[in-house]
$ cat query_22.cif   # mmCIF, N, CA and C atoms
data_upload
#
loop_
_atom_site.label_atom_id
_atom_site.label_comp_id
_atom_site.auth_asym_id
_atom_site.auth_seq_id
_atom_site.Cartn_x
_atom_site.Cartn_y
_atom_site.Cartn_z
N MET F 236 -4.44 -4.20 1.69
CA MET F 236 -5.34 -3.40 0.91
C MET F 236 -4.59 -2.11 0.56
N ASN F 237 -4.65 -1.71 -0.70
CA ASN F 237 -4.01 -0.50 -1.17
C ASN F 237 -5.03 0.41 -1.84
N TYR F 238 -4.83 1.72 -1.65
CA TYR F 238 -5.63 2.72 -2.35
C TYR F 238 -4.66 3.74 -2.90
N GLN F 239 -4.73 3.99 -4.21
CA GLN F 239 -3.76 4.87 -4.85
C GLN F 239 -4.47 5.98 -5.61
N ILE F 240 -3.96 7.19 -5.45
CA ILE F 240 -4.51 8.36 -6.13
C ILE F 240 -3.42 8.89 -7.06
N THR F 241 -3.77 9.13 -8.30
CA THR F 241 -2.84 9.73 -9.25
C THR F 241 -3.38 11.08 -9.71
N SER F 242 -2.49 11.94 -10.12
CA SER F 242 -2.88 13.25 -10.63
C SER F 242 -3.33 13.10 -12.08
N PRO F 243 -4.48 13.63 -12.45
CA PRO F 243 -4.91 13.53 -13.84
C PRO F 243 -3.94 14.24 -14.80
N LYS F 244 -3.31 15.29 -14.30
CA LYS F 244 -2.40 16.06 -15.14
C LYS F 244 -1.00 15.45 -15.18
N HIS F 245 -0.54 14.89 -14.05
CA HIS F 245 0.81 14.30 -13.94
C HIS F 245 0.67 12.86 -13.46
N LYS F 246 0.70 11.91 -14.38
CA LYS F 246 0.44 10.50 -14.06
C LYS F 246 1.51 9.88 -13.15
N ASN F 247 2.71 10.45 -13.07
CA ASN F 247 3.77 9.89 -12.22
C ASN F 247 3.70 10.37 -10.78
N ASN F 248 2.82 11.29 -10.48
CA ASN F 248 2.63 11.74 -9.10
C ASN F 248 1.61 10.80 -8.44
N LEU F 249 2.05 10.14 -7.35
CA LEU F 249 1.21 9.12 -6.71
C LEU F 249 1.09 9.39 -5.22
N LEU F 250 -0.09 9.13 -4.71
CA LEU F 250 -0.33 9.09 -3.27
C LEU F 250 -0.95 7.74 -2.97
N THR F 251 -0.27 6.95 -2.13
CA THR F 251 -0.71 5.58 -1.86
C THR F 251 -0.96 5.40 -0.37
N PHE F 252 -2.08 4.78 -0.04
CA PHE F 252 -2.41 4.39 1.33
C PHE F 252 -2.49 2.86 1.36
N SER F 253 -1.84 2.25 2.35
CA SER F 253 -1.82 0.79 2.45
C SER F 253 -2.18 0.37 3.87
N TRP F 254 -2.86 -0.76 3.97
CA TRP F 254 -3.18 -1.37 5.26
C TRP F 254 -3.07 -2.88 5.11
N ARG F 255 -2.50 -3.51 6.13
CA ARG F 255 -2.36 -4.97 6.11
C ARG F 255 -2.63 -5.51 7.52
N TYR F 256 -3.34 -6.61 7.57
CA TYR F 256 -3.58 -7.31 8.83
C TYR F 256 -3.10 -8.75 8.66
N ALA F 257 -2.29 -9.19 9.59
CA ALA F 257 -1.79 -10.57 9.56
C ALA F 257 -1.98 -11.19 10.94
N THR F 258 -2.32 -12.46 10.96
CA THR F 258 -2.47 -13.16 12.23
C THR F 258 -2.19 -14.64 12.03
N ASN F 259 -1.73 -15.26 13.06
CA ASN F 259 -1.63 -16.72 13.09
C ASN F 259 -1.55 -17.16 14.54
N GLY F 260 -1.75 -18.41 14.74
CA GLY F 260 -1.69 -18.99 16.07
C GLY F 260 -1.75 -20.49 15.96
N ARG F 261 -1.23 -21.14 16.97
CA ARG F 261 -1.28 -22.61 16.94
C ARG F 261 -1.13 -23.16 18.35
N GLN F 262 -1.54 -24.39 18.46
CA GLN F 262 -1.42 -25.16 19.70
C GLN F 262 -0.46 -26.31 19.42
N GLN F 263 0.50 -26.49 20.29
CA GLN F 263 1.42 -27.61 20.17
C GLN F 263 1.40 -28.41 21.45
N GLY F 264 1.51 -29.71 21.30
CA GLY F 264 1.55 -30.58 22.47
C GLY F 264 2.46 -31.77 22.22
N PHE F 265 3.20 -32.15 23.25
CA PHE F 265 4.12 -33.29 23.13
C PHE F 265 4.09 -34.07 24.44
N ARG F 266 3.97 -35.36 24.35
CA ARG F 266 3.97 -36.24 25.53
C ARG F 266 5.07 -37.28 25.37
N GLN F 267 5.80 -37.55 26.45
CA GLN F 267 6.86 -38.56 26.44
C GLN F 267 6.74 -39.38 27.71
N GLN F 268 6.75 -40.70 27.56
CA GLN F 268 6.72 -41.58 28.72
C GLN F 268 7.89 -42.55 28.62
N PHE F 269 8.61 -42.69 29.74
CA PHE F 269 9.78 -43.57 29.78
C PHE F 269 9.41 -44.87 30.48
N THR F 270 9.87 -45.98 29.95
CA THR F 270 9.63 -47.28 30.58
C THR F 270 10.97 -48.02 30.66
N ASP F 271 11.04 -48.92 31.59
CA ASP F 271 12.22 -49.77 31.79
C ASP F 271 13.51 -48.94 31.90
N THR F 272 13.46 -47.89 32.73
CA THR F 272 14.64 -47.05 32.90
C THR F 272 15.52 -47.59 34.02
N ILE F 273 16.79 -47.27 33.97
CA ILE F 273 17.75 -47.65 35.00
C ILE F 273 18.36 -46.37 35.55
N ASN F 274 18.27 -46.20 36.88
CA ASN F 274 18.80 -45.03 37.58
C ASN F 274 18.22 -43.72 37.05
N TYR F 275 16.97 -43.73 36.66
CA TYR F 275 16.29 -42.53 36.19
C TYR F 275 14.86 -42.61 36.70
N ASP F 276 14.49 -41.72 37.62
CA ASP F 276 13.21 -41.87 38.31
C ASP F 276 12.09 -40.99 37.76
N ILE F 277 12.30 -40.30 36.64
CA ILE F 277 11.23 -39.49 36.05
C ILE F 277 10.51 -40.35 35.00
N PRO F 278 9.22 -40.66 35.23
CA PRO F 278 8.52 -41.56 34.31
C PRO F 278 8.09 -40.90 32.98
N GLY F 279 8.16 -39.59 32.89
CA GLY F 279 7.76 -38.94 31.64
C GLY F 279 7.49 -37.46 31.84
N TYR F 280 7.15 -36.81 30.76
CA TYR F 280 6.83 -35.38 30.82
C TYR F 280 5.93 -35.01 29.65
N ARG F 281 5.40 -33.79 29.76
CA ARG F 281 4.62 -33.25 28.66
C ARG F 281 4.99 -31.78 28.46
N GLN F 282 4.89 -31.34 27.21
CA GLN F 282 5.14 -29.95 26.86
C GLN F 282 3.97 -29.45 26.03
N ASP F 283 3.44 -28.31 26.41
CA ASP F 283 2.34 -27.69 25.68
C ASP F 283 2.70 -26.23 25.41
N ASN F 284 2.33 -25.75 24.23
CA ASN F 284 2.58 -24.36 23.90
C ASN F 284 1.39 -23.83 23.10
N SER F 285 0.86 -22.73 23.56
CA SER F 285 -0.21 -22.03 22.86
C SER F 285 0.35 -20.67 22.46
N GLU F 286 0.32 -20.35 21.16
CA GLU F 286 0.89 -19.09 20.73
C GLU F 286 -0.03 -18.37 19.75
N ARG F 287 0.11 -17.03 19.73
CA ARG F 287 -0.73 -16.21 18.86
C ARG F 287 0.07 -14.97 18.45
N PHE F 288 -0.12 -14.54 17.20
CA PHE F 288 0.54 -13.36 16.66
C PHE F 288 -0.48 -12.56 15.87
N LYS F 289 -0.51 -11.23 16.09
CA LYS F 289 -1.37 -10.33 15.32
C LYS F 289 -0.57 -9.09 14.95
N GLU F 290 -0.81 -8.58 13.73
CA GLU F 290 -0.09 -7.38 13.28
C GLU F 290 -0.97 -6.54 12.37
N HIS F 291 -1.01 -5.24 12.65
CA HIS F 291 -1.64 -4.24 11.78
C HIS F 291 -0.53 -3.34 11.26
N THR F 292 -0.53 -3.09 9.94
CA THR F 292 0.44 -2.18 9.33
C THR F 292 -0.32 -1.14 8.52
N VAL F 293 -0.01 0.13 8.76
CA VAL F 293 -0.61 1.24 8.03
C VAL F 293 0.53 2.05 7.43
N GLN F 294 0.38 2.44 6.15
CA GLN F 294 1.46 3.15 5.47
C GLN F 294 0.87 4.15 4.48
N ALA F 295 1.55 5.30 4.35
CA ALA F 295 1.20 6.29 3.33
C ALA F 295 2.48 6.72 2.63
N ASP F 296 2.45 6.74 1.30
CA ASP F 296 3.61 7.12 0.50
C ASP F 296 3.19 8.16 -0.54
N TYR F 297 4.10 9.09 -0.80
CA TYR F 297 3.85 10.12 -1.80
C TYR F 297 5.06 10.19 -2.72
N VAL F 298 4.81 10.18 -4.03
CA VAL F 298 5.87 10.30 -5.04
C VAL F 298 5.51 11.48 -5.94
N ARG F 299 6.46 12.39 -6.11
CA ARG F 299 6.25 13.57 -6.96
C ARG F 299 7.40 13.66 -7.95
N THR F 300 7.08 13.82 -9.21
CA THR F 300 8.08 13.91 -10.27
C THR F 300 8.21 15.35 -10.74
N PHE F 301 9.45 15.83 -10.76
CA PHE F 301 9.76 17.15 -11.30
C PHE F 301 10.59 16.96 -12.57
N SER F 302 11.07 18.02 -13.17
CA SER F 302 11.76 17.89 -14.46
C SER F 302 13.04 17.06 -14.37
N HIS F 303 13.90 17.27 -13.35
CA HIS F 303 15.16 16.54 -13.27
C HIS F 303 15.30 15.71 -11.99
N PHE F 304 14.25 15.62 -11.19
CA PHE F 304 14.36 14.80 -9.99
C PHE F 304 12.99 14.31 -9.54
N ASN F 305 13.02 13.26 -8.74
CA ASN F 305 11.83 12.70 -8.11
C ASN F 305 11.97 12.86 -6.61
N MET F 306 10.86 13.06 -5.94
CA MET F 306 10.83 13.15 -4.49
C MET F 306 9.88 12.07 -3.98
N GLU F 307 10.33 11.32 -2.97
CA GLU F 307 9.50 10.30 -2.32
C GLU F 307 9.45 10.61 -0.83
N ALA F 308 8.30 10.43 -0.23
CA ALA F 308 8.15 10.62 1.21
C ALA F 308 7.11 9.63 1.71
N GLY F 309 7.25 9.22 2.96
CA GLY F 309 6.28 8.28 3.49
C GLY F 309 6.34 8.14 4.99
N VAL F 310 5.28 7.59 5.53
CA VAL F 310 5.18 7.27 6.96
C VAL F 310 4.63 5.85 7.07
N LYS F 311 4.99 5.19 8.17
CA LYS F 311 4.53 3.82 8.39
C LYS F 311 4.36 3.58 9.88
N GLY F 312 3.33 2.83 10.22
CA GLY F 312 3.09 2.42 11.60
C GLY F 312 2.76 0.94 11.66
N ILE F 313 3.37 0.24 12.62
CA ILE F 313 3.13 -1.19 12.80
C ILE F 313 2.74 -1.43 14.26
N TRP F 314 1.66 -2.18 14.46
CA TRP F 314 1.20 -2.56 15.79
C TRP F 314 1.21 -4.08 15.86
N ARG F 315 2.08 -4.65 16.71
CA ARG F 315 2.22 -6.11 16.82
C ARG F 315 1.85 -6.57 18.22
N SER F 316 1.29 -7.77 18.26
CA SER F 316 0.97 -8.41 19.53
C SER F 316 1.41 -9.87 19.44
N ASN F 317 2.25 -10.30 20.37
CA ASN F 317 2.73 -11.68 20.44
C ASN F 317 2.36 -12.27 21.79
N TYR F 318 1.89 -13.51 21.77
CA TYR F 318 1.49 -14.18 23.00
C TYR F 318 1.94 -15.63 22.94
N SER F 319 2.48 -16.12 24.04
CA SER F 319 2.86 -17.52 24.12
C SER F 319 2.67 -17.99 25.57
N ASP F 320 2.12 -19.17 25.72
CA ASP F 320 1.95 -19.78 27.04
C ASP F 320 2.54 -21.18 26.97
N TYR F 321 3.69 -21.37 27.60
CA TYR F 321 4.45 -22.61 27.50
C TYR F 321 4.39 -23.36 28.83
N LEU F 322 4.20 -24.67 28.76
CA LEU F 322 4.15 -25.52 29.95
C LEU F 322 5.06 -26.71 29.73
N ASN F 323 5.92 -26.96 30.70
CA ASN F 323 6.77 -28.15 30.71
C ASN F 323 6.48 -28.86 32.03
N ALA F 324 5.83 -29.99 31.96
CA ALA F 324 5.38 -30.68 33.17
C ALA F 324 5.99 -32.08 33.25
N TYR F 325 6.85 -32.27 34.26
CA TYR F 325 7.36 -33.61 34.53
C TYR F 325 6.36 -34.33 35.41
N VAL F 326 6.20 -35.61 35.18
CA VAL F 326 5.17 -36.36 35.89
C VAL F 326 5.42 -36.35 37.40
N SER F 327 6.66 -36.37 37.82
CA SER F 327 6.96 -36.46 39.25
C SER F 327 7.41 -35.14 39.86
N ALA F 328 7.23 -34.01 39.17
CA ALA F 328 7.70 -32.73 39.70
C ALA F 328 6.64 -31.65 39.44
N ASP F 329 6.90 -30.46 39.98
CA ASP F 329 6.00 -29.33 39.75
C ASP F 329 6.10 -28.85 38.30
N ASP F 330 4.99 -28.30 37.81
CA ASP F 330 4.96 -27.76 36.44
C ASP F 330 5.89 -26.55 36.32
N ILE F 331 6.49 -26.40 35.15
CA ILE F 331 7.30 -25.24 34.82
C ILE F 331 6.58 -24.51 33.70
N THR F 332 6.21 -23.26 33.94
CA THR F 332 5.49 -22.50 32.93
C THR F 332 6.28 -21.26 32.55
N ASN F 333 6.01 -20.78 31.35
CA ASN F 333 6.66 -19.57 30.87
C ASN F 333 5.66 -18.87 29.96
N GLY F 334 5.01 -17.84 30.48
CA GLY F 334 4.05 -17.08 29.70
C GLY F 334 4.69 -15.81 29.17
N PHE F 335 4.30 -15.43 27.97
CA PHE F 335 4.83 -14.22 27.35
C PHE F 335 3.71 -13.50 26.65
N ASP F 336 3.64 -12.19 26.85
CA ASP F 336 2.67 -11.35 26.17
C ASP F 336 3.38 -10.04 25.84
N GLY F 337 3.72 -9.85 24.57
CA GLY F 337 4.49 -8.68 24.19
C GLY F 337 3.77 -7.80 23.19
N GLN F 338 3.90 -6.51 23.38
CA GLN F 338 3.30 -5.53 22.48
C GLN F 338 4.43 -4.71 21.87
N GLN F 339 4.41 -4.55 20.54
CA GLN F 339 5.43 -3.76 19.87
C GLN F 339 4.76 -2.77 18.93
N ARG F 340 5.28 -1.55 18.95
CA ARG F 340 4.83 -0.50 18.04
C ARG F 340 6.07 0.03 17.31
N VAL F 341 5.98 0.19 16.00
CA VAL F 341 7.10 0.71 15.21
C VAL F 341 6.55 1.84 14.36
N PHE F 342 7.18 3.01 14.46
CA PHE F 342 6.78 4.17 13.67
C PHE F 342 7.98 4.65 12.88
N SER F 343 7.78 4.95 11.59
CA SER F 343 8.91 5.39 10.77
C SER F 343 8.46 6.43 9.75
N VAL F 344 9.42 7.26 9.34
CA VAL F 344 9.23 8.25 8.28
C VAL F 344 10.45 8.19 7.37
N TYR F 345 10.25 8.53 6.11
CA TYR F 345 11.38 8.59 5.19
C TYR F 345 11.16 9.67 4.15
N ASN F 346 12.27 10.10 3.56
CA ASN F 346 12.25 11.08 2.49
C ASN F 346 13.44 10.81 1.60
N ALA F 347 13.24 10.74 0.28
CA ALA F 347 14.33 10.43 -0.65
C ALA F 347 14.17 11.27 -1.91
N TYR F 348 15.30 11.59 -2.50
CA TYR F 348 15.33 12.35 -3.75
C TYR F 348 16.19 11.61 -4.76
N THR F 349 15.74 11.55 -5.99
CA THR F 349 16.51 10.97 -7.08
C THR F 349 16.72 12.04 -8.15
N PHE F 350 17.98 12.38 -8.38
CA PHE F 350 18.34 13.37 -9.40
C PHE F 350 18.77 12.61 -10.65
N THR F 351 18.24 12.99 -11.80
CA THR F 351 18.49 12.28 -13.04
C THR F 351 19.05 13.23 -14.09
N SER F 352 20.09 12.77 -14.76
CA SER F 352 20.62 13.50 -15.91
C SER F 352 20.76 12.52 -17.07
N LYS F 353 21.31 12.97 -18.14
CA LYS F 353 21.46 12.12 -19.31
C LYS F 353 22.45 10.98 -19.06
N HIS F 354 23.47 11.21 -18.21
CA HIS F 354 24.55 10.23 -18.04
C HIS F 354 24.61 9.59 -16.65
N TRP F 355 23.88 10.10 -15.66
CA TRP F 355 23.98 9.52 -14.33
C TRP F 355 22.70 9.79 -13.54
N ASP F 356 22.53 8.99 -12.49
CA ASP F 356 21.45 9.19 -11.51
C ASP F 356 22.08 9.24 -10.13
N LEU F 357 21.51 10.05 -9.27
CA LEU F 357 21.98 10.17 -7.89
C LEU F 357 20.76 10.10 -6.98
N LYS F 358 20.83 9.20 -6.00
CA LYS F 358 19.72 9.06 -5.07
C LYS F 358 20.24 9.27 -3.65
N ALA F 359 19.54 10.08 -2.88
CA ALA F 359 19.89 10.35 -1.49
C ALA F 359 18.61 10.41 -0.67
N GLY F 360 18.71 10.00 0.57
CA GLY F 360 17.51 10.01 1.41
C GLY F 360 17.83 9.85 2.87
N VAL F 361 16.80 9.93 3.67
CA VAL F 361 16.92 9.78 5.11
C VAL F 361 15.71 8.98 5.61
N ARG F 362 15.94 8.20 6.65
CA ARG F 362 14.87 7.39 7.25
C ARG F 362 15.06 7.40 8.76
N ALA F 363 13.99 7.53 9.49
CA ALA F 363 14.02 7.45 10.96
C ALA F 363 12.95 6.48 11.40
N GLU F 364 13.29 5.66 12.40
CA GLU F 364 12.37 4.63 12.89
C GLU F 364 12.40 4.63 14.42
N GLN F 365 11.22 4.52 15.02
CA GLN F 365 11.10 4.49 16.48
C GLN F 365 10.31 3.26 16.90
N PRO F 366 11.00 2.19 17.34
CA PRO F 366 10.27 1.04 17.87
C PRO F 366 10.00 1.21 19.37
N LEU F 367 8.85 0.78 19.78
CA LEU F 367 8.47 0.77 21.21
C LEU F 367 8.08 -0.66 21.54
N TRP F 368 8.80 -1.27 22.46
CA TRP F 368 8.59 -2.68 22.80
C TRP F 368 8.25 -2.77 24.26
N LYS F 369 7.14 -3.42 24.58
CA LYS F 369 6.76 -3.56 25.97
C LYS F 369 6.22 -4.95 26.23
N PRO F 370 7.01 -5.81 26.87
CA PRO F 370 6.46 -7.09 27.31
C PRO F 370 5.46 -6.83 28.44
N VAL F 371 4.24 -7.27 28.29
CA VAL F 371 3.19 -7.02 29.27
C VAL F 371 3.50 -7.80 30.55
N GLY F 372 3.40 -7.11 31.68
CA GLY F 372 3.62 -7.75 32.96
C GLY F 372 5.10 -7.90 33.32
N ARG F 373 5.99 -7.34 32.53
CA ARG F 373 7.42 -7.43 32.80
C ARG F 373 7.95 -6.03 33.15
N MET F 374 9.09 -6.00 33.78
CA MET F 374 9.71 -4.73 34.14
C MET F 374 10.65 -4.22 33.04
N ILE F 375 10.70 -4.90 31.91
CA ILE F 375 11.61 -4.53 30.82
C ILE F 375 10.87 -3.61 29.86
N ARG F 376 11.52 -2.55 29.44
CA ARG F 376 10.97 -1.69 28.39
C ARG F 376 12.13 -1.23 27.52
N CYS F 377 12.02 -1.48 26.23
CA CYS F 377 13.10 -1.15 25.29
C CYS F 377 12.57 -0.13 24.29
N ASP F 378 13.08 1.10 24.33
CA ASP F 378 12.74 2.13 23.39
C ASP F 378 14.03 2.66 22.80
N TYR F 379 14.09 2.79 21.51
CA TYR F 379 15.26 3.36 20.87
C TYR F 379 14.86 3.93 19.52
N THR F 380 15.70 4.82 19.01
CA THR F 380 15.47 5.42 17.70
C THR F 380 16.54 4.93 16.76
N ASN F 381 16.14 4.55 15.56
CA ASN F 381 17.06 4.08 14.54
C ASN F 381 16.91 4.99 13.33
N SER F 382 18.01 5.53 12.84
CA SER F 382 17.94 6.38 11.65
C SER F 382 19.08 6.07 10.72
N SER F 383 18.85 6.31 9.45
CA SER F 383 19.90 6.08 8.45
C SER F 383 19.79 7.11 7.36
#
$ encode --input "query_22.cif" --output "structure tokens"
Amino acid sequence: MNYQITSPKHKNNLLTFSWRYATNGRQQGFRQQFTDTINYDIPGYRQDNSERFKEHTVQADYVRTFSHFNMEAGVKGIWRSNYSDYLNAYVSADDITNGFDGQQRVFSVYNAYTFTSKHWDLKAGVRAEQPLWKPVGRMIRCDYTNSS
């Protein structure tokens, strides 16, 4: 969903707000049974996987036009949730499971300028991004800043 505001006096000046929600999920299952095997004592196995993904994205952008240059600035936030529950079960052994529940947050800002003349254009800008990743129930935490 987008909402855009323009200046009545300056049509090239824009303020835009955006929001997006995405989700998906699925169940997978696989069964295998072995018959008439030689020197192999596992009669079969099954694999099941239940997964889910959700994401919210919020963004605001501003564009301002001056006589010989344009200025762009914006901020963005992303909230992601990933979940997976995997089971590998051999008929003659204990089940092997692998559950995952991860939360990720990404925050970014940017600013860019475009200088225009009759014979050339020059664009320069900066962007900084801060992802925060936390697998739920795990001792791992990855935080870093990315800028360009």
$ atom_distance --input "query_22.cif" --atom1 "atom CA of Asn237 of chain F" --atom2 "atom CA of Phe304 of chain F"
25.5 Å
$ closest_atom_pairs --input "query_22.cif" --of "segment 253-300 of chain F" --to "segment 320-334 of chain F" --cutoff "6 Å" --atoms "all atoms listed in the file" --output "tab-separated table"
residue	atom	partner	partner_atom	distance
F:Ile277	CA	F:Ser327	N	5.8
F:Pro278	N	F:Ser327	N	5.6
F:Gly279	C	F:Val326	N	4.0
F:Tyr280	CA	F:Tyr325	CA	4.1
F:Arg281	N	F:Ala324	C	3.9
F:Gln282	CA	F:Leu322	C	4.3
F:Asp283	C	F:Leu322	N	4.0
F:Asn284	CA	F:Tyr321	CA	4.4
F:Ser285	C	F:Asp320	N	4.0
F:Glu286	N	F:Asp320	N	5.0
$ closest_residue --input "query_22.cif" --among "F:Asn248, F:Ser242, F:Gln338, F:Ser352" --to "Thr300 of chain F" --atoms "only C-alpha atoms"
F:Asn248
$ residues_around --input "query_22.cif" --residues "Thr258 of chain F" --least-positions-apart "3" --cutoff "7 Å" --atoms "only C-alpha atoms" --output "mmCIF file with N, CA and C atoms, in the coordinates of the input"
data_model
loop_
_atom_site.group_PDB
_atom_site.id
_atom_site.type_symbol
_atom_site.label_atom_id
_atom_site.label_comp_id
_atom_site.auth_asym_id
_atom_site.auth_seq_id
_atom_site.Cartn_x
_atom_site.Cartn_y
_atom_site.Cartn_z
ATOM 1 N N PHE F 288 -0.120 -14.540 17.200
ATOM 2 C CA PHE F 288 0.540 -13.360 16.660
ATOM 3 C C PHE F 288 -0.480 -12.560 15.870
ATOM 4 N N LYS F 289 -0.510 -11.230 16.090
ATOM 5 C CA LYS F 289 -1.370 -10.330 15.320
ATOM 6 C C LYS F 289 -0.570 -9.090 14.950
ATOM 7 N N GLU F 290 -0.810 -8.580 13.730
ATOM 8 C CA GLU F 290 -0.090 -7.380 13.280
ATOM 9 C C GLU F 290 -0.970 -6.540 12.370
#
$ closest_atom_pairs --input "query_22.cif" --of "segment 285-349 of chain F" --to "segment 354-374 of chain F" --cutoff "6 Å" --atoms "all atoms listed in the file" --output "CSV"
residue,atom,partner,partner_atom,distance
F:Asp336,C,F:Val371,N,3.8
F:Gly337,CA,F:Pro370,CA,4.0
F:Gln338,N,F:Lys369,C,4.0
F:Gln339,CA,F:Leu367,C,4.4
F:Arg340,C,F:Leu367,N,3.8
F:Val341,CA,F:Pro366,CA,4.2
F:Phe342,C,F:Gln365,N,3.9
F:Ser343,CA,F:Glu364,CA,4.1
F:Val344,N,F:Ala363,C,4.2
F:Tyr345,CA,F:Arg362,CA,4.2
F:Asn346,C,F:Val361,N,4.0
F:Ala347,CA,F:Gly360,CA,3.8
F:Tyr348,N,F:Ala359,C,4.0
F:Thr349,CA,F:Lys358,CA,4.2
$ select_by_dssp --input "query_22.cif" --residues "chain F" --states "strand (DSSP E)" --output "number ranges by chain"
F: 237-241, 249-268, 279-300, 304-325, 331-351, 356-370, 377-378, 381-382
$ atom_distance --input "query_22.cif" --atom1 "atom CA of Gly260 of chain F" --atom2 "atom C of Lys311 of chain F"
24.2 Å
$ atom_distance --input "query_22.cif" --atom1 "atom C of Gln294 of chain F" --atom2 "atom C of Asn247 of chain F"
16.7 Å
$ residues_around --input "query_22.cif" --residues "Ile240 of chain F" --least-positions-apart "6" --cutoff "8 Å" --atoms "only N, CA and C atoms" --output "list in words"
Lys246, Asn248, Leu249, Leu250, Thr251 and Phe252 of chain F
$ decode --input "query_22.cif" --residues "segment 270-276 of chain F" --atoms "all heavy atoms" --output "short mmCIF file (atom, residue, chain, number, x, y, z; two decimals), in the first residue's frame"
data_model
loop_
_atom_site.label_atom_id
_atom_site.label_comp_id
_atom_site.auth_asym_id
_atom_site.auth_seq_id
_atom_site.Cartn_x
_atom_site.Cartn_y
_atom_site.Cartn_z
N THR F 270 11.87 -52.41 0.72
CA THR F 270 11.52 -53.83 0.78
C THR F 270 12.61 -54.63 0.06
O THR F 270 13.32 -54.11 -0.79
CB THR F 270 10.16 -54.09 0.08
OG1 THR F 270 10.24 -53.66 -1.26
CG2 THR F 270 9.04 -53.35 0.79
N ASP F 271 12.71 -55.86 0.43
CA ASP F 271 13.67 -56.79 -0.18
C ASP F 271 15.10 -56.24 -0.19
O ASP F 271 15.80 -56.27 -1.21
CB ASP F 271 13.25 -57.15 -1.62
CG ASP F 271 11.88 -57.82 -1.66
OD1 ASP F 271 11.56 -58.56 -0.71
OD2 ASP F 271 11.14 -57.58 -2.62
N THR F 272 15.52 -55.71 0.96
CA THR F 272 16.87 -55.16 1.05
C THR F 272 17.86 -56.24 1.45
O THR F 272 17.51 -57.25 2.09
CB THR F 272 16.92 -54.02 2.07
OG1 THR F 272 16.54 -54.55 3.35
CG2 THR F 272 16.00 -52.88 1.69
N ILE F 273 19.11 -56.04 1.09
CA ILE F 273 20.20 -56.95 1.45
C ILE F 273 21.22 -56.16 2.24
O ILE F 273 21.71 -55.12 1.79
CB ILE F 273 20.84 -57.57 0.19
CG1 ILE F 273 19.79 -58.37 -0.59
CG2 ILE F 273 22.04 -58.42 0.55
CD1 ILE F 273 20.27 -58.86 -1.92
N ASN F 274 21.54 -56.64 3.45
CA ASN F 274 22.50 -56.00 4.35
C ASN F 274 22.13 -54.55 4.67
O ASN F 274 23.00 -53.68 4.78
CB ASN F 274 23.92 -56.05 3.75
CG ASN F 274 24.45 -57.47 3.66
OD1 ASN F 274 24.10 -58.34 4.48
ND2 ASN F 274 25.26 -57.72 2.66
N TYR F 275 20.86 -54.27 4.78
CA TYR F 275 20.38 -52.94 5.14
C TYR F 275 19.17 -53.13 6.03
O TYR F 275 18.13 -53.62 5.57
CB TYR F 275 20.02 -52.14 3.88
CG TYR F 275 19.77 -50.67 4.15
CD1 TYR F 275 20.83 -49.81 4.42
CD2 TYR F 275 18.48 -50.15 4.11
CE1 TYR F 275 20.62 -48.47 4.66
CE2 TYR F 275 18.25 -48.80 4.35
CZ TYR F 275 19.32 -47.97 4.62
OH TYR F 275 19.11 -46.65 4.85
N ASP F 276 19.28 -52.77 7.31
CA ASP F 276 18.25 -53.12 8.27
C ASP F 276 17.26 -51.99 8.58
O ASP F 276 16.44 -52.11 9.46
CB ASP F 276 18.88 -53.61 9.57
CG ASP F 276 19.79 -52.57 10.21
OD1 ASP F 276 20.05 -51.54 9.57
OD2 ASP F 276 20.22 -52.81 11.34
#
